[in-house]
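Note: the block below is structure15.cif and it holds mmCIF, C-alpha atoms.
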```
data_run
#
loop_
_atom_site.label_atom_id
_atom_site.label_comp_id
_atom_site.auth_asym_id
_atom_site.auth_seq_id
_atom_site.Cartn_x
_atom_site.Cartn_y
_atom_site.Cartn_z
CA MET D 276 -222.76 138.01 23.84
CA THR D 277 -225.68 135.99 22.55
CA GLU D 278 -225.47 133.42 19.77
CA LYS D 279 -227.39 135.78 17.47
CA GLN D 280 -225.00 138.64 18.18
CA ARG D 281 -221.97 136.43 17.56
CA PHE D 282 -223.19 135.50 14.07
CA ASP D 283 -224.43 138.94 13.23
CA PRO D 284 -223.94 139.38 9.39
CA ALA D 285 -222.05 142.65 9.71
CA ARG D 286 -219.77 141.15 12.31
CA MET D 287 -219.24 138.04 10.15
CA ASP D 288 -218.40 140.26 7.16
CA LEU D 289 -215.56 141.74 9.18
CA VAL D 290 -214.36 138.36 10.51
CA ILE D 291 -214.34 136.83 7.03
CA ALA D 292 -212.57 139.88 5.60
CA LEU D 293 -209.88 139.50 8.25
CA LEU D 294 -209.61 135.80 7.46
CA ILE D 295 -209.26 136.62 3.76
CA ALA D 296 -206.47 139.06 4.61
CA LEU D 297 -204.72 136.39 6.69
CA VAL D 298 -205.08 133.72 4.00
CA SER D 299 -203.93 136.19 1.30
CA LEU D 300 -200.85 137.00 3.34
CA THR D 301 -200.13 133.30 3.94
CA THR D 302 -200.64 132.54 0.24
CA ALA D 303 -198.28 135.35 -0.73
CA LEU D 304 -195.65 134.00 1.70
CA ALA D 305 -196.16 130.46 0.40
CA ALA D 306 -195.83 131.63 -3.21
CA TRP D 307 -192.65 133.52 -2.26
CA ARG D 308 -191.18 130.48 -0.52
CA THR D 309 -192.09 128.21 -3.45
CA ASN D 310 -190.31 130.60 -5.80
CA VAL D 311 -187.29 130.78 -3.51
CA VAL D 312 -187.08 126.98 -3.57
CA GLY D 313 -187.40 127.01 -7.38
CA SER D 314 -184.60 129.58 -7.56
CA SER D 315 -182.45 127.42 -5.28
CA ALA D 316 -182.98 124.51 -7.69
CA SER D 317 -181.89 126.71 -10.60
CA ASP D 318 -178.88 127.95 -8.61
CA ALA D 319 -177.81 124.39 -7.77
CA ASN D 320 -178.17 123.36 -11.43
CA ARG D 321 -176.16 126.37 -12.57
CA GLN D 322 -173.50 125.65 -9.94
CA GLY D 323 -173.30 122.04 -11.13
CA LEU D 324 -172.76 123.16 -14.73
CA ILE D 325 -170.14 125.72 -13.67
CA ASP D 326 -168.36 123.03 -11.63
CA SER D 327 -168.50 120.68 -14.64
CA LEU D 328 -166.89 123.32 -16.81
CA LYS D 329 -164.15 124.02 -14.26
CA LYS D 330 -163.51 120.36 -13.63
CA GLY D 331 -163.51 119.58 -17.36
CA ALA D 332 -161.04 122.37 -18.07
CA GLY D 333 -158.79 121.08 -15.28
CA GLN D 334 -159.03 117.49 -16.52
CA ASN D 335 -158.26 118.56 -20.09
CA GLU D 336 -155.13 120.29 -18.86
CA ASP D 337 -154.20 117.16 -16.86
CA TRP D 338 -154.61 114.96 -19.95
CA ARG D 339 -152.53 117.35 -22.05
CA ARG D 340 -149.82 117.34 -19.40
CA VAL D 341 -149.75 113.57 -18.93
CA TYR D 342 -149.58 112.84 -22.68
CA GLU D 343 -146.87 115.45 -23.10
CA GLU D 344 -144.97 113.63 -20.34
CA ALA D 345 -145.73 110.32 -22.05
CA GLY D 346 -144.27 111.64 -25.30
CA TYR D 347 -141.02 112.60 -23.56
CA ALA D 348 -141.00 109.38 -21.55
CA SER D 349 -141.35 107.23 -24.68
CA SER D 350 -138.59 109.26 -26.42
CA PHE D 351 -136.36 108.72 -23.41
CA ALA D 352 -137.08 104.99 -23.32
CA ILE D 353 -136.52 104.60 -27.09
CA GLU D 354 -133.28 106.62 -27.07
CA SER D 355 -132.07 104.66 -24.03
CA ALA D 356 -132.75 101.40 -25.90
CA ALA D 357 -130.89 102.81 -28.91
CA ALA D 358 -127.93 103.79 -26.71
CA ASP D 359 -127.86 100.27 -25.24
CA ALA D 360 -127.87 98.77 -28.76
CA MET D 361 -125.08 101.13 -29.87
CA GLU D 362 -123.01 100.22 -26.84
CA ALA D 363 -123.50 96.52 -27.54
CA SER D 364 -122.56 96.84 -31.23
CA LYS D 365 -119.18 95.97 -32.70
CA ASP D 366 -118.95 99.36 -34.39
CA GLU D 367 -116.55 101.59 -32.43
CA ALA D 368 -118.13 104.75 -33.83
CA LEU D 369 -121.54 103.67 -32.50
CA LYS D 370 -120.00 102.82 -29.12
CA ALA D 371 -118.52 106.34 -28.96
CA ALA D 372 -121.85 107.84 -30.06
CA SER D 373 -123.59 105.84 -27.33
CA LYS D 374 -121.26 107.31 -24.72
CA ASN D 375 -122.02 110.84 -25.90
CA LEU D 376 -125.73 110.12 -26.07
CA ARG D 377 -125.67 109.02 -22.43
CA GLN D 378 -123.68 112.06 -21.44
CA TYR D 379 -125.52 114.81 -23.33
CA LEU D 380 -128.92 113.74 -24.68
CA LEU D 381 -130.39 111.20 -22.29
CA PRO D 382 -130.13 113.28 -19.07
CA SER D 383 -132.16 116.09 -20.71
CA LEU D 384 -134.76 113.65 -22.00
CA GLN D 385 -134.92 112.00 -18.59
CA LEU D 386 -135.63 115.33 -16.92
CA LEU D 387 -138.46 116.02 -19.36
CA SER D 388 -139.95 112.57 -18.91
CA GLU D 389 -140.11 112.71 -15.12
CA PRO D 390 -141.89 111.21 -13.28
CA LEU D 391 -143.86 109.08 -15.77
CA GLY D 392 -140.79 107.79 -17.56
CA THR D 393 -138.60 107.33 -14.50
CA GLN D 394 -140.75 105.93 -11.69
CA GLU D 395 -141.47 102.22 -11.53
CA LYS D 396 -144.99 102.75 -10.22
CA TYR D 397 -146.01 104.25 -13.56
CA LEU D 398 -144.90 101.24 -15.58
CA LYS D 399 -147.51 98.55 -16.26
CA SER D 400 -146.71 94.86 -16.46
CA ASP D 401 -147.27 94.92 -20.26
CA GLY D 402 -144.54 97.56 -20.63
CA THR D 403 -146.80 100.55 -21.33
CA PHE D 404 -147.08 103.58 -19.08
CA ASP D 405 -149.80 103.65 -16.43
CA ILE D 406 -151.45 106.83 -17.69
CA GLU D 407 -154.51 106.43 -15.41
CA LYS D 408 -152.35 106.26 -12.30
CA ARG D 409 -150.38 109.32 -13.36
CA ILE D 410 -153.63 111.20 -14.11
CA ALA D 411 -154.95 110.32 -10.64
CA ASP D 412 -151.73 111.63 -9.07
CA ILE D 413 -151.83 114.85 -11.10
CA ALA D 414 -155.51 115.38 -10.20
CA ALA D 415 -154.63 114.92 -6.51
CA GLU D 416 -152.24 117.88 -6.85
CA SER D 417 -155.30 120.17 -7.25
CA PRO D 418 -157.57 119.32 -4.32
CA ASP D 419 -159.84 122.30 -5.06
CA LEU D 420 -160.65 120.98 -8.52
CA LEU D 421 -160.86 117.43 -7.25
CA ALA D 422 -163.40 118.49 -4.62
CA LEU D 423 -165.78 119.91 -7.23
CA ASP D 424 -168.74 117.57 -7.47
CA PRO D 425 -171.29 118.52 -10.14
CA ALA D 426 -173.34 115.38 -9.39
CA ALA D 427 -173.85 116.57 -5.79
CA SER D 428 -175.08 119.95 -7.04
CA PHE D 429 -177.45 118.23 -9.47
CA ALA D 430 -178.75 115.95 -6.70
CA LEU D 431 -179.39 119.01 -4.52
CA ALA D 432 -181.17 120.70 -7.45
CA ASP D 433 -183.36 117.62 -7.85
CA LYS D 434 -184.30 117.78 -4.16
CA TYR D 435 -185.21 121.47 -4.45
CA SER D 436 -187.22 120.78 -7.62
CA SER D 437 -189.11 118.00 -5.88
CA GLU D 438 -189.81 120.27 -2.91
CA GLN D 439 -190.96 123.01 -5.31
CA ARG D 440 -193.53 120.66 -6.81
CA TRP D 441 -194.94 119.71 -3.40
CA LEU D 442 -194.96 123.30 -2.15
CA THR D 443 -196.86 124.29 -5.27
CA MET D 444 -199.58 121.85 -4.26
CA GLY D 445 -199.68 123.44 -0.77
CA THR D 446 -199.87 126.93 -2.25
CA VAL D 447 -202.68 125.79 -4.51
CA LEU D 448 -204.66 124.54 -1.48
CA LEU D 449 -204.26 127.97 0.10
CA VAL D 450 -205.58 129.59 -3.09
CA ILE D 451 -208.58 127.25 -3.03
CA SER D 452 -209.31 128.23 0.56
CA LEU D 453 -209.24 131.84 -0.58
CA LEU D 454 -211.94 131.04 -3.14
CA TRP D 455 -214.21 129.50 -0.47
CA LEU D 456 -213.67 132.42 1.88
CA GLY D 457 -214.48 134.82 -0.96
CA LEU D 458 -217.73 132.96 -1.55
CA ALA D 459 -218.49 133.07 2.19
CA GLU D 460 -218.01 136.82 2.11
CA ILE D 461 -220.56 137.38 -0.68
CA LEU D 462 -223.11 134.74 0.36
CA SER D 463 -225.42 134.72 3.35
CA GLY D 464 -227.21 132.21 5.55
CA ARG D 465 -226.38 128.53 5.21
CA GLY D 466 -224.27 129.07 2.09
CA ARG D 467 -222.01 131.40 4.04
CA SER D 468 -221.56 128.92 6.91
CA VAL D 469 -220.76 126.04 4.55
CA ASN D 470 -218.28 128.07 2.50
CA LEU D 471 -216.66 129.54 5.59
CA THR D 472 -216.21 126.09 7.15
CA LEU D 473 -214.80 124.70 3.91
CA GLY D 474 -212.51 127.71 3.49
CA ILE D 475 -211.08 127.41 6.98
CA ALA D 476 -210.71 123.62 6.70
CA VAL D 477 -208.88 123.84 3.34
CA TYR D 478 -206.70 126.64 4.69
CA VAL D 479 -205.67 124.62 7.74
CA VAL D 480 -205.01 121.52 5.61
CA GLY D 481 -203.04 123.59 3.06
CA LEU D 482 -200.99 125.31 5.75
CA LEU D 483 -200.22 122.04 7.55
CA PHE D 484 -199.34 120.37 4.26
CA PHE D 485 -197.01 123.24 3.38
CA LEU D 486 -195.29 123.19 6.77
CA ILE D 487 -194.88 119.40 6.76
CA VAL D 488 -193.37 119.46 3.25
CA GLU D 489 -190.97 122.22 4.32
CA ALA D 490 -189.98 120.34 7.48
CA VAL D 491 -189.40 117.04 5.62
CA PHE D 492 -187.24 118.61 2.90
CA ILE D 493 -185.28 120.91 5.23
CA PHE D 494 -184.58 117.90 7.46
CA GLY D 495 -183.55 115.92 4.35
CA ARG D 496 -181.04 118.63 3.45
CA GLY D 497 -179.57 118.58 6.94
CA GLY D 498 -181.18 121.85 8.06
CA VAL D 499 -180.33 123.89 4.96
CA LEU D 500 -183.19 126.17 3.87
CA MET A 213 -242.48 133.60 -9.40
CA ASN A 214 -242.24 131.14 -6.58
CA GLU A 215 -240.92 128.51 -9.00
CA THR A 216 -238.37 130.88 -10.58
CA THR A 217 -236.56 131.73 -7.36
CA PRO A 218 -235.66 128.14 -6.42
CA ASN A 219 -234.59 127.57 -10.06
CA THR A 220 -232.36 130.62 -9.95
CA ASP A 221 -230.86 129.47 -6.66
CA ARG A 222 -230.30 126.00 -8.04
CA PHE A 223 -228.71 127.47 -11.16
CA ARG A 224 -226.45 129.66 -9.08
CA THR A 225 -225.45 126.67 -6.97
CA LEU A 226 -224.73 124.74 -10.16
CA ILE A 227 -222.56 127.59 -11.45
CA LEU A 228 -220.72 127.68 -8.11
CA VAL A 229 -220.06 123.96 -8.42
CA LEU A 230 -218.81 124.49 -11.97
CA ILE A 231 -216.54 127.32 -10.80
CA PHE A 232 -215.17 125.02 -8.12
CA VAL A 233 -214.64 122.18 -10.63
CA ASN A 234 -212.94 124.59 -13.01
CA MET A 235 -210.80 125.84 -10.15
CA LEU A 236 -209.76 122.29 -9.23
CA PHE A 237 -209.03 121.58 -12.87
CA ALA A 238 -206.91 124.72 -13.13
CA VAL A 239 -205.11 123.82 -9.93
CA ALA A 240 -204.35 120.30 -11.15
CA LEU A 241 -203.19 121.74 -14.46
CA PHE A 242 -200.97 124.23 -12.66
CA GLY A 243 -199.42 121.32 -10.75
CA LEU A 244 -198.84 119.46 -14.04
CA GLN A 245 -197.34 122.59 -15.58
CA VAL A 246 -194.90 123.06 -12.69
CA GLY A 247 -193.94 119.37 -12.86
CA ALA A 248 -193.40 119.51 -16.64
CA ASN A 249 -191.35 122.68 -16.26
CA VAL A 250 -189.13 121.08 -13.62
CA ARG A 251 -188.59 118.01 -15.82
CA ALA A 252 -187.82 120.22 -18.83
CA ASN A 253 -185.27 122.19 -16.79
CA ASN A 254 -183.60 119.01 -15.53
CA ALA A 255 -183.44 117.51 -19.02
CA ASN A 256 -182.02 120.77 -20.34
CA ARG A 257 -179.38 120.69 -17.61
CA ASP A 258 -178.54 117.04 -18.40
CA SER A 259 -178.18 117.78 -22.11
CA GLN A 260 -175.76 120.62 -21.34
CA TYR A 261 -173.83 118.42 -18.92
CA TYR A 262 -173.50 115.63 -21.50
CA ALA A 263 -172.44 118.16 -24.15
CA LEU A 264 -169.62 119.24 -21.81
CA GLN A 265 -168.71 115.61 -21.20
CA VAL A 266 -168.55 114.94 -24.96
CA SER A 267 -166.31 117.94 -25.43
CA ASN A 268 -163.97 116.83 -22.62
CA GLU A 269 -163.92 113.25 -23.91
CA LEU A 270 -162.99 114.43 -27.40
CA VAL A 271 -160.12 116.49 -25.96
CA ARG A 272 -158.87 113.48 -23.99
CA LEU A 273 -159.15 111.14 -26.97
CA GLY A 274 -157.40 113.69 -29.16
CA GLN A 275 -154.43 113.73 -26.78
CA GLN A 276 -154.42 109.95 -26.48
CA SER A 277 -154.68 109.32 -30.23
CA ALA A 278 -151.98 111.88 -30.99
CA TYR A 279 -149.62 110.12 -28.57
CA GLU A 280 -150.44 106.58 -29.69
CA LEU A 281 -150.34 107.32 -33.41
CA GLU A 282 -147.08 109.27 -33.15
CA LEU A 283 -145.52 106.40 -31.22
CA PHE A 284 -146.86 103.97 -33.81
CA ALA A 285 -145.45 106.07 -36.69
CA THR A 286 -142.02 106.28 -35.01
CA THR A 287 -142.02 102.56 -34.30
CA ALA A 288 -143.05 101.64 -37.85
CA LYS A 289 -140.46 104.02 -39.30
CA ASP A 290 -137.68 102.49 -37.12
CA ALA A 291 -138.76 98.97 -38.09
CA GLN A 292 -138.70 99.81 -41.80
CA GLN A 293 -135.38 101.62 -41.44
CA SER A 294 -133.92 98.55 -39.75
CA THR A 295 -135.21 96.28 -42.53
CA VAL A 296 -133.88 98.53 -45.29
CA MET A 297 -130.47 98.72 -43.63
CA GLU A 298 -130.35 94.97 -43.17
CA LEU A 299 -131.21 94.43 -46.85
CA THR A 300 -128.61 97.00 -47.92
CA ALA A 301 -126.05 95.27 -45.70
CA LEU A 302 -126.80 92.00 -47.46
CA GLU A 303 -126.32 93.66 -50.85
CA LEU A 304 -123.02 95.21 -49.78
CA GLU A 305 -121.86 91.88 -48.38
CA LYS A 306 -122.71 90.26 -51.67
CA ASN A 307 -120.64 92.90 -53.47
CA GLY A 308 -117.71 92.24 -51.15
CA ASP A 309 -117.89 95.46 -49.07
CA LYS A 310 -117.86 93.68 -45.71
CA ASN A 311 -116.86 96.73 -43.58
CA SER A 312 -119.74 98.87 -44.83
CA ALA A 313 -122.08 95.88 -44.47
CA ALA A 314 -121.05 95.36 -40.85
CA ARG A 315 -121.51 99.08 -40.09
CA LEU A 316 -124.95 99.10 -41.65
CA ARG A 317 -125.88 95.93 -39.82
CA SER A 318 -124.98 97.58 -36.52
CA GLN A 319 -127.12 100.60 -37.45
CA SER A 320 -129.90 98.23 -38.40
CA GLU A 321 -129.69 96.66 -34.94
CA VAL A 322 -129.93 100.10 -33.33
CA ALA A 323 -133.03 100.92 -35.40
CA GLN A 324 -134.45 97.52 -34.49
CA ALA A 325 -133.85 98.22 -30.79
CA ARG A 326 -135.66 101.55 -31.14
CA SER A 327 -138.55 99.87 -32.90
CA GLU A 328 -138.86 97.10 -30.33
CA LYS A 329 -138.83 99.57 -27.44
CA GLY A 330 -141.42 101.71 -29.19
CA ALA A 331 -143.62 98.67 -29.77
CA SER A 332 -143.35 97.64 -26.11
CA LEU A 333 -144.57 101.10 -25.04
CA SER A 334 -147.41 101.26 -27.53
CA LEU A 335 -150.96 100.22 -26.75
CA LEU A 336 -151.38 99.36 -30.42
CA TYR A 337 -148.70 96.65 -30.18
CA SER A 338 -149.39 95.39 -26.64
CA ASP A 339 -153.20 95.39 -26.35
CA PRO A 340 -154.64 92.12 -27.75
CA ARG A 341 -157.58 94.07 -29.20
CA TYR A 342 -155.27 95.89 -31.63
CA ALA A 343 -151.98 93.97 -31.74
CA SER A 344 -151.36 91.85 -34.82
CA SER A 345 -151.28 88.08 -34.33
CA GLU A 346 -148.35 87.85 -36.77
CA PRO A 347 -144.86 88.71 -35.46
CA ASP A 348 -144.16 91.61 -37.87
CA GLY A 349 -147.77 92.47 -38.67
CA LEU A 350 -149.26 95.93 -38.36
CA PRO A 351 -151.74 96.72 -35.56
CA ASN A 352 -155.46 96.87 -36.26
CA LEU A 353 -155.82 100.65 -36.49
CA GLU A 354 -159.40 100.43 -37.66
CA ALA A 355 -160.46 98.65 -34.44
CA TYR A 356 -158.55 101.24 -32.42
CA LEU A 357 -160.34 104.15 -34.12
CA VAL A 358 -163.73 102.44 -33.73
CA ASP A 359 -163.08 101.98 -30.00
CA GLN A 360 -161.91 105.57 -29.72
CA SER A 361 -165.17 106.90 -31.11
CA LYS A 362 -167.35 104.64 -28.92
CA SER A 363 -167.36 106.66 -25.68
CA PRO A 364 -168.08 110.05 -27.33
CA ASN A 365 -170.80 108.43 -29.42
CA ASP A 366 -172.39 106.94 -26.29
CA LEU A 367 -172.30 110.35 -24.63
CA ILE A 368 -173.79 111.99 -27.73
CA ALA A 369 -176.62 109.43 -27.66
CA LYS A 370 -177.30 110.35 -24.01
CA GLN A 371 -177.11 114.04 -24.86
CA ASN A 372 -179.58 113.61 -27.71
CA ALA A 373 -181.95 111.63 -25.47
CA ALA A 374 -181.80 114.39 -22.82
CA MET A 375 -182.42 117.01 -25.50
CA ASP A 376 -185.44 115.08 -26.80
CA ASP A 377 -186.72 114.86 -23.21
CA TYR A 378 -186.27 118.58 -22.82
CA HIS A 379 -188.26 119.32 -25.99
CA LYS A 380 -191.00 116.90 -24.91
CA TRP A 381 -191.47 118.37 -21.42
CA ASN A 382 -191.01 121.94 -22.52
CA SER A 383 -193.67 121.50 -25.15
CA LYS A 384 -196.00 119.93 -22.53
CA ALA A 385 -195.38 122.82 -20.12
CA ASP A 386 -196.16 125.33 -22.88
CA THR A 387 -199.36 123.49 -23.79
CA TYR A 388 -200.50 123.42 -20.15
CA VAL A 389 -200.14 127.21 -20.07
CA ALA A 390 -202.31 127.40 -23.20
CA ILE A 391 -204.96 125.18 -21.56
CA LEU A 392 -204.83 127.29 -18.40
CA THR A 393 -205.58 130.31 -20.57
CA VAL A 394 -208.57 128.47 -22.03
CA LEU A 395 -209.78 127.75 -18.48
CA VAL A 396 -209.56 131.46 -17.70
CA ILE A 397 -212.08 131.98 -20.50
CA ALA A 398 -214.31 129.35 -18.86
CA PHE A 399 -214.01 131.26 -15.56
CA PHE A 400 -215.05 134.43 -17.34
CA LEU A 401 -218.07 132.75 -18.93
CA LEU A 402 -219.12 131.20 -15.61
CA GLY A 403 -218.89 134.63 -14.02
CA LEU A 404 -221.19 136.01 -16.71
CA ALA A 405 -223.59 133.11 -16.22
CA GLN A 406 -223.67 133.89 -12.52
CA SER A 407 -224.39 137.57 -12.98
CA THR A 408 -226.83 137.62 -15.94
CA VAL A 409 -230.28 136.08 -16.17
CA ARG A 410 -231.34 136.29 -19.82
CA ILE A 411 -228.71 134.20 -21.62
CA ARG A 412 -227.11 132.62 -18.60
CA LEU A 413 -227.72 129.14 -19.99
CA PHE A 414 -225.76 130.02 -23.13
CA PHE A 415 -222.78 131.20 -21.04
CA ALA A 416 -222.96 128.17 -18.77
CA ILE A 417 -223.07 125.73 -21.69
CA SER A 418 -220.25 127.58 -23.46
CA ALA A 419 -218.17 127.36 -20.28
CA ILE A 420 -218.87 123.65 -19.94
CA VAL A 421 -217.91 123.06 -23.58
CA ILE A 422 -214.66 124.97 -23.07
CA MET A 423 -213.93 123.01 -19.88
CA LEU A 424 -214.52 119.75 -21.77
CA ILE A 425 -212.20 120.86 -24.57
CA GLY A 426 -209.60 121.74 -21.93
CA ALA A 427 -210.03 118.34 -20.25
CA ALA A 428 -209.71 116.45 -23.55
CA TRP A 429 -206.67 118.51 -24.52
CA THR A 430 -205.06 117.88 -21.11
CA GLY A 431 -205.74 114.15 -21.37
CA TYR A 432 -204.13 114.05 -24.81
CA ILE A 433 -201.04 115.96 -23.61
CA VAL A 434 -200.64 113.81 -20.48
CA ILE A 435 -200.80 110.58 -22.51
CA ALA A 436 -198.62 111.88 -25.40
#
```
Spell out the structure here as structure tokens.
Amino acid sequence: MTEKQRFDPARMDLVIALLIALVSLTTALAAWRTNVVGSSASDANRQGLIDSLKKGAGQNEDWRRVYEEAGYASSFAIESAAADAMEASKDEALKAASKNLRQYLLPSLQLLSEPLGTQEKYLKSDGTFDIEKRIADIAAESPDLLALDPAASFALADKYSSEQRWLTMGTVLLVISLLWLGLAEILSGRGRSVNLTLGIAVYVVGLLFFLIVEAVFIFGRGGVL
Amino acid sequence: MNETTPNTDRFRTLILVLIFVNMLFAVALFGLQVGANVRANNANRDSQYYALQVSNELVRLGQQSAYELELFATTAKDAQQSTVMELTALELEKNGDKNSAARLRSQSEVAQARSEKGASLSLLYSDPRYASSEPDGLPNLEAYLVDQSKSPNDLIAKQNAAMDDYHKWNSKADTYVAILTVLVIAFFLLGLAQSTVRIRLFFAISAIVIMLIGAAWTGYIVIA
């Protein structure tokens, strides 16, 4: 095949058309992948908000429970102090009442106030209950809720969003290459050669850029697409 | 005739360059639009997250305040009861009813014991930020309520900032779409300039004017 035959206009028309088809297909795939990444960012954001709701609901229940316990624990402590004072008084009726209080009322209150009102570890040095410690212990009873990490989901969403932005740039380069190839198809002579060269060069750069961005972000996510 | 052909070729080349510039402009704008959209989405997410946090914080503070204020009310009531009984015991003693006075005094001691225990359990009596410096003084409830509202107010400030961010970026993203639409008109005019001969200059100039308007508008939105 001679040089003239190789660059025959009719033959070049076909070659460029095939190139346009290839670039169109690549651009469509790149646009699809960019959208998938955008959707993944949205999914991660939604997951983070769902986790926040779940975690918040669990924490609210924990706070309700711990303050309910604290109410019983303070009642138990106050009634115990009252029983001590009654026992120490000179009034025989109060002494008798103290005995009955210890026998009938305090055990029930003690049961309700457990463990906040009965365990030493929940008592602070200033005499108040260590609500934070009790909350941490209650939260540890629900490892599933404790494991929910909205911040991690949001961080993942940020990574996907960042990747989406870069992939958009790659897709845009592919679209530009399509423009040059289109011009090469309709022009002839030197204009065709220049546009064809530019189109192929931009396509290769765009494709490489796209693949490198994908590789960097997939590696950053530990292999997760 | 010989002069017209090179002019036409030059004009067509110029139009091609303009199409390419417009394309690059549109591409850059598309990139800006995607970036603004991503930022708007993230700010929207943050505002929702902070709104949830505020709600949870209010629930927590509600439980805490209910407990602390109930304990405070019980403690204050026991302290007052003890004082009233002690005063009554003094009156009875003065009137010669020593047995009743002794009984009331014992009851006063019991109420006092309740009150002291309640005070020792209460944040309002033990925390130096709220506890009174005087032995029988009342706690500083105002300071307690101010502190209680601080964390939700801080979260609301963050939520408002995120919401403002969302509006800002969402508005930018919307404007970029509008400018992209304007650039489509420029593309159309450049296409006409490429295909017609008679008023091609008019189309080309119109396209350039529209591109300049788009560029000025983009610059304003980016800076704003």
Counting only C-alpha atoms, which residues from chain D have an atom at most 9 Å from any atom of chain A, and could you show them as a CSV table (one decimal) with C-alpha atoms, in the coordinates of the input?
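What follows is the written file selection_13.csv:
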```csv
chain,number,residue,atom,x,y,z
D,313,GLY,CA,-187.4,127.0,-7.4
D,317,SER,CA,-181.9,126.7,-10.6
D,320,ASN,CA,-178.2,123.4,-11.4
D,321,ARG,CA,-176.2,126.4,-12.6
D,323,GLY,CA,-173.3,122.0,-11.1
D,324,LEU,CA,-172.8,123.2,-14.7
D,327,SER,CA,-168.5,120.7,-14.6
D,328,LEU,CA,-166.9,123.3,-16.8
D,331,GLY,CA,-163.5,119.6,-17.4
D,332,ALA,CA,-161.0,122.4,-18.1
D,334,GLN,CA,-159.0,117.5,-16.5
D,335,ASN,CA,-158.3,118.6,-20.1
D,338,TRP,CA,-154.6,115.0,-20.0
D,339,ARG,CA,-152.5,117.4,-22.0
D,342,TYR,CA,-149.6,112.8,-22.7
D,343,GLU,CA,-146.9,115.4,-23.1
D,345,ALA,CA,-145.7,110.3,-22.0
D,346,GLY,CA,-144.3,111.6,-25.3
D,349,SER,CA,-141.4,107.2,-24.7
D,350,SER,CA,-138.6,109.3,-26.4
D,352,ALA,CA,-137.1,105.0,-23.3
D,353,ILE,CA,-136.5,104.6,-27.1
D,354,GLU,CA,-133.3,106.6,-27.1
D,355,SER,CA,-132.1,104.7,-24.0
D,356,ALA,CA,-132.8,101.4,-25.9
D,357,ALA,CA,-130.9,102.8,-28.9
D,358,ALA,CA,-127.9,103.8,-26.7
D,359,ASP,CA,-127.9,100.3,-25.2
D,360,ALA,CA,-127.9,98.8,-28.8
D,361,MET,CA,-125.1,101.1,-29.9
D,364,SER,CA,-122.6,96.8,-31.2
D,365,LYS,CA,-119.2,96.0,-32.7
D,366,ASP,CA,-119.0,99.4,-34.4
D,369,LEU,CA,-121.5,103.7,-32.5
D,401,ASP,CA,-147.3,94.9,-20.3
D,402,GLY,CA,-144.5,97.6,-20.6
D,403,THR,CA,-146.8,100.6,-21.3
D,404,PHE,CA,-147.1,103.6,-19.1
D,429,PHE,CA,-177.4,118.2,-9.5
D,432,ALA,CA,-181.2,120.7,-7.4
D,433,ASP,CA,-183.4,117.6,-7.8
D,436,SER,CA,-187.2,120.8,-7.6
D,437,SER,CA,-189.1,118.0,-5.9
D,439,GLN,CA,-191.0,123.0,-5.3
D,440,ARG,CA,-193.5,120.7,-6.8
D,441,TRP,CA,-194.9,119.7,-3.4
D,443,THR,CA,-196.9,124.3,-5.3
D,444,MET,CA,-199.6,121.8,-4.3
D,447,VAL,CA,-202.7,125.8,-4.5
D,448,LEU,CA,-204.7,124.5,-1.5
D,450,VAL,CA,-205.6,129.6,-3.1
D,451,ILE,CA,-208.6,127.2,-3.0
D,454,LEU,CA,-211.9,131.0,-3.1
D,455,TRP,CA,-214.2,129.5,-0.5
D,458,LEU,CA,-217.7,133.0,-1.6
```
For Leu462 of chain D, list every protein, DNA or RNA residue within 12 Å, evaluated using all atoms listed in the file, and leave out those in the same chain fewer than 4 positions away; present the list as a compact mmCIF listing (two decimals) with C-alpha atoms, in the coordinates of the input.
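Output contents, as saved in around-v9.txt:
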```txt
# COMPACT_ATOMS: atom_id res chain seq x y z
CA PRO D 284 -223.94 139.38 9.39
CA MET D 287 -219.24 138.04 10.15
CA ASP D 288 -218.40 140.26 7.16
CA ILE D 291 -214.34 136.83 7.03
CA TRP D 455 -214.21 129.50 -0.47
CA LEU D 456 -213.67 132.42 1.88
CA GLY D 457 -214.48 134.82 -0.96
CA LEU D 458 -217.73 132.96 -1.55
CA GLY D 466 -224.27 129.07 2.09
CA ARG D 467 -222.01 131.40 4.04
CA SER D 468 -221.56 128.92 6.91
CA VAL D 469 -220.76 126.04 4.55
CA ASN D 470 -218.28 128.07 2.50
CA LEU D 471 -216.66 129.54 5.59
CA ASP A 221 -230.86 129.47 -6.66
CA ARG A 224 -226.45 129.66 -9.08
CA THR A 225 -225.45 126.67 -6.97
CA LEU A 228 -220.72 127.68 -8.11
```
Tell me which of D:Ser373, D:Ser315, D:Ser463, D:Thr393 sits closest to Val499 of chain D, counting all atoms listed in the file.
D:Ser315
So what do you get for atom CA of Ser417 of chain D versus atom CA of Ile325 of chain D, distance-wise?
17.1 Å
Around the point (-176.8, 118.2, -28.2) in the file's coordinates, collect all residues with an atom within 9 Å, using all atoms listed in the file, and return them as a PyMOL selection string.
chain A and resi 259-260+262-263+368-375
Return as a PyMOL selection string the set of residues that the PyMOL selection byres ((chain A and resi 357) around 12) yields on the displayed structure.
chain A and resi 273-274+276-278+280-281+336+341-342+351-356+358-364
Show which residues sit within 10 Å of segment 422-429 of chain A, as a list in words. Count all atoms listed in the file, and ignore same-chain residues fewer than 5 positions away.
Leu230, Val233, Asn234, Phe237, Ala238, Leu241, Thr387, Tyr388, Ala390, Ile391, Leu392, Thr393, Val394, Leu395, Val396, Ile397, Ala398, Phe399, Leu401, Ala416, Ile417 and Val434 of chain A
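If you look at atom CA of Ala430 of chain D and atom CA of Phe492 of chain D, they are 13.1 Å away from each other.
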